[in-house]
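Everything below belongs to model-v8.json, which stores JSON, C-alpha atoms.
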```json
[["chain", "number", "residue", "atom", "x", "y", "z"],
["A", 1, "MET", "CA", 5.25, 17.75, 13.30],
["A", 2, "SER", "CA", 7.77, 20.08, 11.75],
["A", 3, "GLU", "CA", 5.51, 21.22, 8.87],
["A", 4, "ARG", "CA", 8.01, 22.73, 6.52],
["A", 5, "THR", "CA", 7.33, 23.15, 2.83],
["A", 6, "ILE", "CA", 9.83, 21.49, 0.54],
["A", 7, "THR", "CA", 10.26, 23.04, -2.90],
["A", 8, "ARG", "CA", 12.24, 22.52, -6.10],
["A", 9, "ALA", "CA", 15.17, 24.33, -4.48],
["A", 10, "ASP", "CA", 15.39, 21.66, -1.75],
["A", 11, "LEU", "CA", 15.26, 18.88, -4.34],
["A", 12, "ALA", "CA", 17.98, 20.60, -6.37],
["A", 13, "GLU", "CA", 20.12, 20.94, -3.23],
["A", 14, "ALA", "CA", 19.70, 17.23, -2.49],
["A", 15, "VAL", "CA", 20.71, 16.33, -6.06],
["A", 16, "TYR", "CA", 23.69, 18.66, -5.76],
["A", 17, "ALA", "CA", 24.77, 16.98, -2.51],
["A", 18, "GLN", "CA", 24.22, 13.42, -3.75],
["A", 19, "VAL", "CA", 25.40, 13.50, -7.34],
["A", 20, "GLY", "CA", 28.20, 16.04, -7.40],
["A", 21, "LEU", "CA", 27.07, 18.10, -10.37],
["A", 22, "SER", "CA", 27.02, 21.90, -10.20],
["A", 23, "ARG", "CA", 24.17, 23.64, -8.37],
["A", 24, "ASN", "CA", 22.91, 25.06, -11.65],
["A", 25, "GLU", "CA", 22.88, 21.75, -13.42],
["A", 26, "SER", "CA", 21.28, 20.05, -10.41],
["A", 27, "ALA", "CA", 18.45, 22.58, -10.49],
["A", 28, "SER", "CA", 17.90, 22.19, -14.21],
["A", 29, "LEU", "CA", 17.90, 18.38, -13.92],
["A", 30, "VAL", "CA", 15.15, 18.48, -11.30],
["A", 31, "GLU", "CA", 13.14, 20.43, -13.85],
["A", 32, "VAL", "CA", 14.01, 17.97, -16.63],
["A", 33, "VAL", "CA", 12.77, 15.03, -14.51],
["A", 34, "LEU", "CA", 9.49, 16.75, -13.61],
["A", 35, "ASP", "CA", 8.97, 17.77, -17.25],
["A", 36, "GLU", "CA", 9.54, 14.24, -18.48],
["A", 37, "VAL", "CA", 6.98, 12.89, -15.99],
["A", 38, "ALA", "CA", 4.47, 15.63, -16.93],
["A", 39, "ASP", "CA", 4.96, 15.16, -20.69],
["A", 40, "THR", "CA", 4.46, 11.41, -20.37],
["A", 41, "LEU", "CA", 1.20, 11.94, -18.48],
["A", 42, "ILE", "CA", 0.00, 14.51, -21.02],
["A", 43, "LYS", "CA", 0.55, 11.92, -23.76],
["A", 44, "GLY", "CA", -1.82, 9.70, -21.78],
["A", 45, "ASP", "CA", 0.76, 7.24, -20.43],
["A", 46, "ASN", "CA", 0.93, 6.32, -16.76],
["A", 47, "VAL", "CA", 4.10, 6.82, -14.73],
["A", 48, "LYS", "CA", 5.05, 4.18, -12.19],
["A", 49, "ILE", "CA", 7.89, 4.88, -9.78],
["A", 50, "SER", "CA", 8.63, 1.74, -7.77],
["A", 51, "SER", "CA", 8.55, 2.15, -3.99],
["A", 52, "PHE", "CA", 7.12, 5.66, -4.43],
["A", 53, "GLY", "CA", 3.83, 5.47, -6.27],
["A", 54, "SER", "CA", 2.09, 5.75, -9.60],
["A", 55, "PHE", "CA", 0.54, 8.63, -11.49],
["A", 56, "SER", "CA", -2.28, 7.80, -13.84],
["A", 57, "ILE", "CA", -4.67, 9.73, -16.02],
["A", 58, "ARG", "CA", -8.36, 9.22, -15.58],
["A", 59, "GLN", "CA", -10.88, 10.34, -18.15],
["A", 60, "LYS", "CA", -13.99, 11.77, -16.54],
["A", 61, "GLY", "CA", -17.24, 11.98, -18.45],
["A", 62, "GLU", "CA", -19.71, 14.83, -18.35],
["A", 63, "ARG", "CA", -21.90, 14.94, -15.28],
["A", 64, "VAL", "CA", -24.38, 17.31, -13.74],
["A", 65, "GLY", "CA", -23.17, 19.43, -10.90],
["A", 66, "ARG", "CA", -24.85, 22.05, -8.82],
["A", 67, "ASN", "CA", -23.75, 25.45, -7.70],
["A", 68, "PRO", "CA", -23.82, 24.95, -3.94],
["A", 69, "LYS", "CA", -24.70, 28.58, -3.33],
["A", 70, "THR", "CA", -27.54, 29.05, -5.81],
["A", 71, "GLY", "CA", -28.62, 25.42, -6.30],
["A", 72, "VAL", "CA", -28.54, 25.93, -10.08],
["A", 73, "GLU", "CA", -27.61, 22.82, -12.06],
["A", 74, "VAL", "CA", -24.57, 23.20, -14.28],
["A", 75, "PRO", "CA", -22.94, 20.61, -16.55],
["A", 76, "ILE", "CA", -19.44, 19.57, -15.45],
["A", 77, "LEU", "CA", -17.52, 19.14, -18.69],
["A", 78, "PRO", "CA", -15.57, 15.98, -19.52],
["A", 79, "ARG", "CA", -11.95, 16.27, -18.49],
["A", 80, "ARG", "CA", -8.76, 14.36, -17.82],
["A", 81, "VAL", "CA", -7.59, 14.24, -14.23],
["A", 82, "LEU", "CA", -4.34, 13.05, -12.73],
["A", 83, "VAL", "CA", -4.53, 10.53, -9.94],
["A", 84, "PHE", "CA", -1.61, 9.64, -7.66],
["A", 85, "ARG", "CA", -1.55, 6.35, -5.80],
["A", 86, "ALA", "CA", 1.14, 6.02, -3.19],
["A", 87, "SER", "CA", 2.97, 2.69, -3.00],
["A", 88, "HIS", "CA", 2.79, 0.56, 0.13],
["A", 89, "VAL", "CA", 6.43, 1.35, 0.79],
["A", 90, "LEU", "CA", 5.64, 5.09, 0.89],
["A", 91, "LYS", "CA", 2.53, 4.58, 3.03],
["A", 92, "ASP", "CA", 4.49, 2.48, 5.52],
["A", 93, "LEU", "CA", 7.31, 5.02, 5.59],
["A", 94, "ILE", "CA", 4.86, 7.82, 6.37],
["A", 95, "ASN", "CA", 3.36, 5.76, 9.18],
["A", 96, "GLY", "CA", 6.75, 5.07, 10.72],
["A", 97, "LYS", "CA", 6.70, 1.37, 9.88],
["A", 98, "ILE", "CA", 9.99, 1.70, 8.01],
["A", 99, "SER", "CA", 12.80, 3.84, 9.31],
["A", 100, "THR", "CA", 13.96, 6.78, 7.21],
["A", 101, "GLU", "CA", 17.34, 5.86, 5.72],
["B", 1, "MET", "CA", 6.45, 4.44, -18.05],
["B", 2, "THR", "CA", 8.35, 2.82, -15.23],
["B", 3, "LYS", "CA", 11.25, 4.27, -13.27],
["B", 4, "SER", "CA", 13.78, 2.38, -15.38],
["B", 5, "GLU", "CA", 12.19, 3.71, -18.57],
["B", 6, "LEU", "CA", 12.34, 7.21, -17.13],
["B", 7, "ILE", "CA", 16.05, 6.71, -16.41],
["B", 8, "GLN", "CA", 16.55, 5.41, -19.95],
["B", 9, "ARG", "CA", 14.80, 8.34, -21.59],
["B", 10, "LEU", "CA", 16.61, 10.96, -19.54],
["B", 11, "ALA", "CA", 19.94, 9.28, -20.21],
["B", 12, "GLU", "CA", 19.24, 9.40, -23.96],
["B", 13, "LYS", "CA", 18.31, 13.07, -23.80],
["B", 14, "ASN", "CA", 21.36, 13.94, -21.66],
["B", 15, "PRO", "CA", 24.24, 12.06, -23.28],
["B", 16, "HIS", "CA", 26.79, 14.02, -21.23],
["B", 17, "LEU", "CA", 25.59, 12.30, -18.04],
["B", 18, "TYR", "CA", 26.47, 8.83, -16.83],
["B", 19, "MET", "CA", 23.53, 6.47, -16.65],
["B", 20, "ARG", "CA", 24.28, 5.82, -12.96],
["B", 21, "ASP", "CA", 24.13, 9.57, -12.29],
["B", 22, "VAL", "CA", 20.75, 9.83, -14.02],
["B", 23, "GLU", "CA", 19.57, 6.98, -11.82],
["B", 24, "LYS", "CA", 20.92, 8.70, -8.73],
["B", 25, "ILE", "CA", 19.21, 11.98, -9.67],
["B", 26, "ILE", "CA", 15.83, 10.31, -10.04],
["B", 27, "ASP", "CA", 16.24, 8.26, -6.84],
["B", 28, "THR", "CA", 17.30, 11.37, -4.93],
["B", 29, "ILE", "CA", 14.27, 13.36, -6.07],
["B", 30, "PHE", "CA", 11.73, 10.70, -5.08],
["B", 31, "ASP", "CA", 13.61, 9.85, -1.84],
["B", 32, "GLU", "CA", 13.61, 13.52, -0.84],
["B", 33, "ILE", "CA", 9.86, 13.75, -1.42],
["B", 34, "SER", "CA", 9.26, 10.51, 0.53],
["B", 35, "GLN", "CA", 11.39, 11.60, 3.47],
["B", 36, "ALA", "CA", 9.75, 15.02, 3.58],
["B", 37, "LEU", "CA", 6.35, 13.34, 3.80],
["B", 38, "ALA", "CA", 7.63, 10.95, 6.48],
["B", 39, "ARG", "CA", 8.60, 14.01, 8.57],
["B", 40, "GLY", "CA", 5.12, 15.42, 8.03],
["B", 41, "ASP", "CA", 6.36, 18.12, 5.67],
["B", 42, "ARG", "CA", 4.61, 19.26, 2.54],
["B", 43, "VAL", "CA", 6.24, 19.22, -0.89],
["B", 44, "GLU", "CA", 5.14, 21.91, -3.27],
["B", 45, "LEU", "CA", 6.27, 21.79, -6.87],
["B", 46, "ARG", "CA", 4.56, 24.73, -8.55],
["B", 47, "GLY", "CA", 3.02, 23.90, -11.88],
["B", 48, "PHE", "CA", 3.40, 20.17, -11.25],
["B", 49, "GLY", "CA", 1.59, 19.55, -7.99],
["B", 50, "ALA", "CA", 1.84, 19.28, -4.24],
["B", 51, "PHE", "CA", 2.32, 16.29, -1.97],
["B", 52, "SER", "CA", 1.02, 16.40, 1.56],
["B", 53, "VAL", "CA", 0.09, 14.12, 4.42],
["B", 54, "LYS", "CA", -3.43, 13.81, 5.68],
["B", 55, "VAL", "CA", -4.00, 12.58, 9.19],
["B", 56, "ARG", "CA", -6.86, 10.21, 9.92],
["B", 57, "GLU", "CA", -7.63, 10.24, 13.64],
["B", 58, "PRO", "CA", -8.28, 6.98, 15.46],
["B", 59, "ARG", "CA", -12.00, 6.30, 15.69],
["B", 60, "VAL", "CA", -14.48, 3.75, 16.83],
["B", 61, "GLY", "CA", -15.84, 2.04, 13.78],
["B", 62, "ARG", "CA", -18.48, -0.56, 13.44],
["B", 63, "ASN", "CA", -18.51, -3.86, 11.68],
["B", 64, "PRO", "CA", -21.43, -3.32, 9.30],
["B", 65, "ARG", "CA", -22.35, -6.99, 9.35],
["B", 66, "THR", "CA", -22.34, -7.69, 13.09],
["B", 67, "GLY", "CA", -22.83, -4.16, 14.42],
["B", 68, "GLU", "CA", -19.89, -4.78, 16.74],
["B", 69, "SER", "CA", -17.76, -1.71, 17.49],
["B", 70, "VAL", "CA", -14.08, -1.89, 16.68],
["B", 71, "GLN", "CA", -11.24, 0.47, 17.41],
["B", 72, "VAL", "CA", -9.79, 1.81, 14.12],
["B", 73, "ASP", "CA", -6.24, 3.08, 14.50],
["B", 74, "GLY", "CA", -5.29, 6.54, 13.29],
["B", 75, "LYS", "CA", -3.06, 6.75, 10.26],
["B", 76, "ARG", "CA", -1.30, 9.17, 7.98],
["B", 77, "LEU", "CA", -1.99, 9.12, 4.26],
["B", 78, "PRO", "CA", 0.06, 10.64, 1.45],
["B", 79, "PHE", "CA", -1.94, 12.86, -0.84],
["B", 80, "PHE", "CA", -1.23, 14.54, -4.16],
["B", 81, "LYS", "CA", -2.92, 17.50, -5.71],
["B", 82, "THR", "CA", -2.25, 18.33, -9.34],
["B", 83, "GLY", "CA", -0.87, 21.82, -9.97],
["B", 84, "LYS", "CA", -2.80, 24.31, -12.05],
["B", 85, "ALA", "CA", -0.40, 24.36, -15.02],
["B", 86, "LEU", "CA", -0.33, 20.57, -15.33],
["B", 87, "ARG", "CA", -4.10, 20.35, -14.90],
["B", 88, "GLU", "CA", -4.50, 22.78, -17.79],
["B", 89, "ARG", "CA", -1.98, 20.97, -19.98],
["B", 90, "LEU", "CA", -3.84, 17.68, -19.42],
["B", 91, "ASN", "CA", -6.90, 19.37, -20.91],
["B", 92, "GLY", "CA", -5.40, 21.12, -23.90],
["B", 93, "GLY", "CA", -4.85, 24.39, -22.07],
["B", 94, "VAL", "CA", -8.32, 24.62, -20.55],
["B", 95, "ASP", "CA", -8.57, 24.92, -16.77],
["B", 96, "HIS", "CA", -11.72, 23.18, -15.61],
["B", 97, "GLY", "CA", -10.86, 24.08, -12.04],
["B", 98, "GLU", "CA", -10.11, 21.85, -9.13],
["B", 99, "ASP", "CA", -11.81, 18.55, -9.40],
["B", 100, "ASP", "CA", -12.61, 17.02, -6.09],
["B", 101, "GLU", "CA", -10.36, 17.65, -3.19],
["B", 102, "GLY", "CA", -7.33, 19.41, -1.76],
["B", 103, "ASP", "CA", -5.73, 22.74, -2.48],
["B", 104, "GLU", "CA", -2.49, 23.87, -4.02],
["B", 105, "ASP", "CA", -1.71, 26.86, -6.27]]
```
Is it possible to express this structure as structure tokens?
Amino acid sequence: MSERTITRADLAEAVYAQVGLSRNESASLVEVVLDEVADTLIKGDNVKISSFGSFSIRQKGERVGRNPKTGVEVPILPRRVLVFRASHVLKDLINGKISTE
Amino acid sequence: MTKSELIQRLAEKNPHLYMRDVEKIIDTIFDEISQALARGDRVELRGFGAFSVKVREPRVGRNPRTGESVQVDGKRLPFFKTGKALRERLNGGVDHGEDDEGDED
């Protein structure tokens, strides 16, 4: 496996190549898309991107945890966590069952 | 929110862009992430989260009912870990730390 790390800059470059906007605007639009997804999740709505996957918010109640080093019980406070579920299309793509492009 | 609603909202907020360009931008972003994962690459979007691929090796499993052993094929699974900034924003600015698995920031 190649094992590169893709970042915002790579996404911006792809948008630049595909859409034909300036590099600057491409970079800021990547940010705008990520912000819109994040803001929607923060409001408590789920985000479903067909053939990619869905992001949903799960509310977790308080539970008792334990410090693994000391064995002392500590309460784990209630919190909201983000869960991503990949679509079947993405899972198949990753397992080489669909060709890339 | 679905992908088409996301396109709609971004088009409304960016009236200087054509709707078809907004659609292309969103498709490009998610396609890039998908293709990176298909190559076995990692996608790290600081503050938002990181996508990676976890490899499950082939193993000999057992049918719990019959006790029969079966060969379970290996597979690759996409995985997402929420970034620190987003995790905090989901909880009104409080960072409760990593929840269960993975590592990013």
Q: Would you list the contacts of Glu32 in chain B as a count of residues only, taking every protein, DNA or RNA residue within 7 Å and counting only C-alpha atoms, but skipping same-chain residues closer than 4 positions in sequence?
A: 3
Q | Contact set, chain B to chain A: 6 Å, all atoms listed in the file, as a PyMOL selection string | A | chain B and resi 1-3+25+29+38+40-45+76+90
Give me, as CSV, each residue of range 18-87 of chain B that comes within 10 Å of range 92-96 of chain B, together with its shortest interatomic pair and the distance in Å at one decimal, counting all atoms listed in the file, with rows ordered by chain and rising residue number.
```
residue,atom,partner,partner_atom,distance
B:Lys84,CA,B:Asp95,CA,7.5
B:Ala85,CA,B:Gly93,CA,8.3
B:Leu86,CA,B:Gly93,CA,9.0
B:Arg87,CA,B:Asp95,CA,6.7
```
Q. So what do you get for CA of Gln59 in chain A versus CA of Gly47 in chain B, distance-wise?
A. 20.4 Å
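Residues in contact with Gln8 in chain B at up to 12 Å, not including ones fewer than 3 positions away on its chain and judged by all atoms listed in the file, are Val33 and Glu36 of chain A; Met1, Thr2, Lys3, Ser4, Glu5, Ala11, Glu12, Lys13, Asn14, Pro15, Leu17, Tyr18, Met19, Arg20, Asp21, Val22, Glu23 and Ile26 of chain B.
Here the question is which of B:Gly83, B:Gly74, B:Gly61, B:Gly97 gets nearest to Gly49 in chain B using only C-alpha atoms, and that residue is B:Gly83.
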(Q) Just to confirm, what's the straight-line distance from CA of Ile33 in chain B to CA of Ser56 in chain A in Å (one decimal)? (A) 18.4 Å
Q.
Could you check the closest approach to Lys75 in chain B for each of A:Lys97, A:Gly61, A:Pro75, A:Asn24 and tell me which residue wins, using only C-alpha atoms?
A. A:Lys97
Generate the missing atoms of range 9-25 of chain A up to N, CA, C and O atoms and report them as a tab-separated table (two decimals), keeping the file's coordinate frame.
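Result file follows (rebuild08.tsv):
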```
chain	number	residue	atom	x	y	z
A	9	ALA	N	13.82	23.94	-4.93
A	9	ALA	CA	15.17	24.33	-4.48
A	9	ALA	C	15.75	23.28	-3.54
A	9	ALA	O	16.94	22.97	-3.61
A	10	ASP	N	14.91	22.70	-2.67
A	10	ASP	CA	15.39	21.66	-1.75
A	10	ASP	C	15.76	20.40	-2.52
A	10	ASP	O	16.73	19.72	-2.19
A	11	LEU	N	14.96	20.07	-3.54
A	11	LEU	CA	15.26	18.88	-4.34
A	11	LEU	C	16.57	19.09	-5.09
A	11	LEU	O	17.41	18.19	-5.16
A	12	ALA	N	16.75	20.29	-5.64
A	12	ALA	CA	17.98	20.60	-6.37
A	12	ALA	C	19.19	20.51	-5.44
A	12	ALA	O	20.24	19.98	-5.81
A	13	GLU	N	19.03	20.99	-4.22
A	13	GLU	CA	20.12	20.94	-3.23
A	13	GLU	C	20.48	19.49	-2.90
A	13	GLU	O	21.66	19.15	-2.79
A	14	ALA	N	19.46	18.65	-2.78
A	14	ALA	CA	19.70	17.23	-2.49
A	14	ALA	C	20.43	16.56	-3.66
A	14	ALA	O	21.37	15.79	-3.45
A	15	VAL	N	20.04	16.89	-4.89
A	15	VAL	CA	20.71	16.33	-6.06
A	15	VAL	C	22.16	16.82	-6.10
A	15	VAL	O	23.08	16.03	-6.35
A	16	TYR	N	22.34	18.09	-5.80
A	16	TYR	CA	23.69	18.66	-5.76
A	16	TYR	C	24.56	17.91	-4.75
A	16	TYR	O	25.69	17.52	-5.04
A	17	ALA	N	24.01	17.66	-3.56
A	17	ALA	CA	24.77	16.98	-2.51
A	17	ALA	C	25.04	15.52	-2.84
A	17	ALA	O	26.10	14.99	-2.51
A	18	GLN	N	24.10	14.86	-3.49
A	18	GLN	CA	24.22	13.42	-3.75
A	18	GLN	C	25.02	13.08	-5.00
A	18	GLN	O	25.68	12.05	-5.05
A	19	VAL	N	24.86	13.90	-6.04
A	19	VAL	CA	25.40	13.50	-7.34
A	19	VAL	C	26.71	14.19	-7.69
A	19	VAL	O	27.50	13.66	-8.47
A	20	GLY	N	26.93	15.36	-7.12
A	20	GLY	CA	28.20	16.04	-7.40
A	20	GLY	C	28.25	16.78	-8.71
A	20	GLY	O	29.32	16.97	-9.29
A	21	LEU	N	27.08	17.21	-9.21
A	21	LEU	CA	27.07	18.10	-10.37
A	21	LEU	C	27.00	19.53	-9.82
A	21	LEU	O	26.85	19.71	-8.61
A	22	SER	N	27.09	20.53	-10.70
A	22	SER	CA	27.02	21.90	-10.20
A	22	SER	C	25.61	22.19	-9.68
A	22	SER	O	24.65	21.48	-10.02
A	23	ARG	N	25.49	23.25	-8.89
A	23	ARG	CA	24.17	23.64	-8.37
A	23	ARG	C	23.22	23.96	-9.51
A	23	ARG	O	22.05	23.57	-9.49
A	24	ASN	N	23.74	24.69	-10.51
A	24	ASN	CA	22.91	25.06	-11.65
A	24	ASN	C	22.38	23.86	-12.40
A	24	ASN	O	21.20	23.77	-12.73
A	25	GLU	N	23.31	22.94	-12.68
A	25	GLU	CA	22.88	21.75	-13.42
A	25	GLU	C	21.93	20.89	-12.60
A	25	GLU	O	20.96	20.34	-13.12
```
